[in-house]
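*Asks:* Provided herewith is a single structure, encoded as structure tokens, for subsequent inquiry.
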Amino acid sequence: MPTQLDQLKQYTTVVADTGDFRQMEEFTPQDATTNPSLILAAAAKPEYRPILEAALAPFRSSKLRGAELTDAMMNKVIVAFGLEILKRVPGRVSSEVDARLSFDTDGTVKKARELMALYEEAGIGRERVLIKIASTWEGIQAARVLEQEGIHCNLTLLFSTIQAVACAEAGVRLISPFVGRILDWYRASTGLEYTAETDPGVQSVRTIYNYYKKFGYPVQIMGASFRNKGEVLALAGCDLLTISPNLLAELAASDEPVAPALSPEAAKASDIERLPADEKSFRFLFNEDAMATEKTAEGIRRFSADIRKLEALLTSML
């Protein structure tokens with residue numbers, strides 16, 4: 001019998017949510033996605049030290065100093081990990097813009113261009129890279145500019161339908177709704193436990209999926225941040241799912257049947273209504289959603305903290 005992982009791959013593109021190259025080789029995902037936290041965790045392992053050393057070598061004799069030097073080193077290391085990942089997956093890698101730019105449209109655009117330029121210098125075409133950007137209003141507007149330039153974006157830290165609608169109106173390539181972090185918030189808020197079917201994170205992604213398919217948006221949906229295997233299987237049929245190595249291993253160890261839970265046909269028959277996505281509507285509807293505002297802010301803080309830790313590590317190595 002095929003494993004659950006093999007069955008899931010029939011309905012959904014599986015993406016590895018890891019910075020560990022060996023795990024990518026083990027589970028053979030189509031794409032891989034990284035963030036500062038994953039790169040920081042990988043960078044602390046001795047086997048990845050040669051990648052960091054090679055990326056930092058040009059800066060040992062650099063005339064750059066201070067913030068300019070740190071910024072250039074970070075770009076190089078982020079892309080160095082991305083290049084290694086692309087040797088191991090046939091599809092795309094997602095590389096994240098500095099979370100401290102989440103409210104800076106121009107800064108986000110500049111950083112994305114810098115990262116893409118480094119990929120292109122290494123011979124990687126734009127079709128194999130997604131630039132990860134937080135789903136703030138400013139981040140979404142940066143993605144609008146970048147998409148028009150052919151730099152495709154993965155909008156992350158996404159917790160609400162209005163964020164997803166604004167992304168679709170901006171023409172982004174892909175969004176990453178955070179399933180598990182939504183569940184975390186509701187568990188803490190209500191004290192309740194949830195099944196895969198009642199899971200608020202699963203329901204959020206299903207709503208976004210139905211909205212996009214009903215109204216014909218070509219944006220790809222990649223469910224992310226899963227807490228258990230049940231959440232993953234409850235979204236079988238979603239465009240993509242980015243799954244951590246421990247859950248990939250659970251899926252690979254089981255041969256229980258997997259059936260699609262989402263379909264374009266069912267989505268088109270849903271009674272979901274359009275939402276306005278202008279700036280005033282976005283800011284009000286986003287503010288009305290306590291879970292989305294709190295989890296987006298928390299995610300930005302966490303990623304920013306890990307960026308500072310990674311910068312400190314690189315500086316100490318140099």
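By order in the structure tokens, chains are A, B, ...; within a chain, residues start at 1; ligands start at 1, following the order shown.
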Write down as a ChimeraX atom specification the residues of stretch 134-270 of chain A whose backbone DSSP state falls under strand (DSSP E or B).
*Replies:* /A:134,153-158,174-178,220-224,240-243
*Asks:* With only C-alpha atoms as the counted atoms, please give the residues lying no more than 12 Å from A:Gln148, apart from itself and same-chain residues fewer than 6 positions off, as a list in words.
*Replies:*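 Near A:Gln148, the qualifying residues are Val109, Gln141, Ala142, Ala170, Gly171, Val172 and Arg173 of chain A.
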*Asks:* Output all heavy atoms for every residue in the selection just made, as a PDB file, in the first residue's frame.
*Replies:*
```
ATOM      1  N   VAL A 109      10.745  46.055  -0.969  1.00  0.00           N
ATOM      2  CA  VAL A 109      11.009  45.952  -2.400  1.00  0.00           C
ATOM      3  C   VAL A 109      12.514  45.938  -2.662  1.00  0.00           C
ATOM      4  O   VAL A 109      13.024  45.113  -3.438  1.00  0.00           O
ATOM      5  CB  VAL A 109      10.334  47.111  -3.165  1.00  0.00           C
ATOM      6  CG1 VAL A 109      10.802  47.160  -4.616  1.00  0.00           C
ATOM      7  CG2 VAL A 109       8.817  46.960  -3.113  1.00  0.00           C
ATOM      8  N   GLN A 141       1.568  45.469  -0.465  1.00  0.00           N
ATOM      9  CA  GLN A 141       1.795  46.461  -1.523  1.00  0.00           C
ATOM     10  C   GLN A 141       3.193  46.307  -2.130  1.00  0.00           C
ATOM     11  O   GLN A 141       3.398  46.540  -3.323  1.00  0.00           O
ATOM     12  CB  GLN A 141       1.603  47.877  -0.970  1.00  0.00           C
ATOM     13  CG  GLN A 141       0.215  48.127  -0.400  1.00  0.00           C
ATOM     14  CD  GLN A 141      -0.898  47.526  -1.255  1.00  0.00           C
ATOM     15  OE1 GLN A 141      -1.013  47.833  -2.451  1.00  0.00           O
ATOM     16  NE2 GLN A 141      -1.719  46.677  -0.666  1.00  0.00           N
ATOM     17  N   ALA A 142       4.168  45.900  -1.321  1.00  0.00           N
ATOM     18  CA  ALA A 142       5.498  45.610  -1.866  1.00  0.00           C
ATOM     19  C   ALA A 142       5.415  44.435  -2.835  1.00  0.00           C
ATOM     20  O   ALA A 142       6.027  44.451  -3.916  1.00  0.00           O
ATOM     21  CB  ALA A 142       6.470  45.292  -0.732  1.00  0.00           C
ATOM     22  N   ALA A 170      -3.668  41.975  -5.080  1.00  0.00           N
ATOM     23  CA  ALA A 170      -2.340  42.492  -5.429  1.00  0.00           C
ATOM     24  C   ALA A 170      -1.632  41.620  -6.455  1.00  0.00           C
ATOM     25  O   ALA A 170      -0.561  41.988  -6.945  1.00  0.00           O
ATOM     26  CB  ALA A 170      -1.474  42.602  -4.167  1.00  0.00           C
ATOM     27  N   GLY A 171      -2.201  40.460  -6.757  1.00  0.00           N
ATOM     28  CA  GLY A 171      -1.627  39.595  -7.784  1.00  0.00           C
ATOM     29  C   GLY A 171      -0.437  38.776  -7.327  1.00  0.00           C
ATOM     30  O   GLY A 171       0.420  38.424  -8.140  1.00  0.00           O
ATOM     31  N   VAL A 172      -0.390  38.422  -6.031  1.00  0.00           N
ATOM     32  CA  VAL A 172       0.749  37.643  -5.552  1.00  0.00           C
ATOM     33  C   VAL A 172       0.673  36.211  -6.082  1.00  0.00           C
ATOM     34  O   VAL A 172      -0.394  35.714  -6.419  1.00  0.00           O
ATOM     35  CB  VAL A 172       0.853  37.635  -4.013  1.00  0.00           C
ATOM     36  CG1 VAL A 172       0.866  39.038  -3.454  1.00  0.00           C
ATOM     37  CG2 VAL A 172      -0.268  36.821  -3.382  1.00  0.00           C
ATOM     38  N   ARG A 173       1.825  35.548  -6.137  1.00  0.00           N
ATOM     39  CA  ARG A 173       1.894  34.195  -6.670  1.00  0.00           C
ATOM     40  C   ARG A 173       1.371  33.156  -5.683  1.00  0.00           C
ATOM     41  O   ARG A 173       0.679  32.221  -6.061  1.00  0.00           O
ATOM     42  CB  ARG A 173       3.341  33.866  -7.060  1.00  0.00           C
ATOM     43  CG  ARG A 173       3.610  32.435  -7.526  1.00  0.00           C
ATOM     44  CD  ARG A 173       2.807  32.042  -8.763  1.00  0.00           C
ATOM     45  NE  ARG A 173       3.031  32.908  -9.884  1.00  0.00           N
ATOM     46  CZ  ARG A 173       3.950  32.699 -10.820  1.00  0.00           C
ATOM     47  NH1 ARG A 173       4.747  31.650 -10.742  1.00  0.00           N
ATOM     48  NH2 ARG A 173       4.059  33.541 -11.837  1.00  0.00           N
TER      49      ARG A 173
END
```
*Asks:* Any idea what's packed within 9 Å of stretch 32-35 of chain A, counting only C-alpha atoms, ignoring anything in its chain fewer than 5 positions away? Could you give it as a list in words?
*Replies:* Val14, Val15, Ala16, Asp17, Thr18, Gly19, Met24, Leu40, Ile78, Phe81, Gly82, Ile85, Leu86, Val89, Gly91, Arg92, Val93, Ser94, Ser95, Glu96, Val97, Leu130, Lys132, Thr242 and Phe303 of chain A
*Asks:* Give me, please, the distance in Å between atom CA of A:Phe159 and atom CA of A:Thr108, quoted to one decimal.
*Replies:*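 For atom CA of A:Phe159 relative to atom CA of A:Thr108, the distance reads 20.2 Å.
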*Asks:* Considering only C-alpha atoms, state which residue in the set A:Ala72, A:Leu158, A:Val145, A:Ala54 is at the smallest distance from A:Phe286.
*Replies:*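 For A:Phe286, the nearest of the candidates is A:Leu158.
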*Asks:* Quick one: of A:Ile151, A:Asp255, A:Arg302, A:Ile140, who's nearest to A:Asp106, counting only C-alpha atoms?
*Replies:*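 Among the listed residues, A:Ile140 lies closest to A:Asp106.
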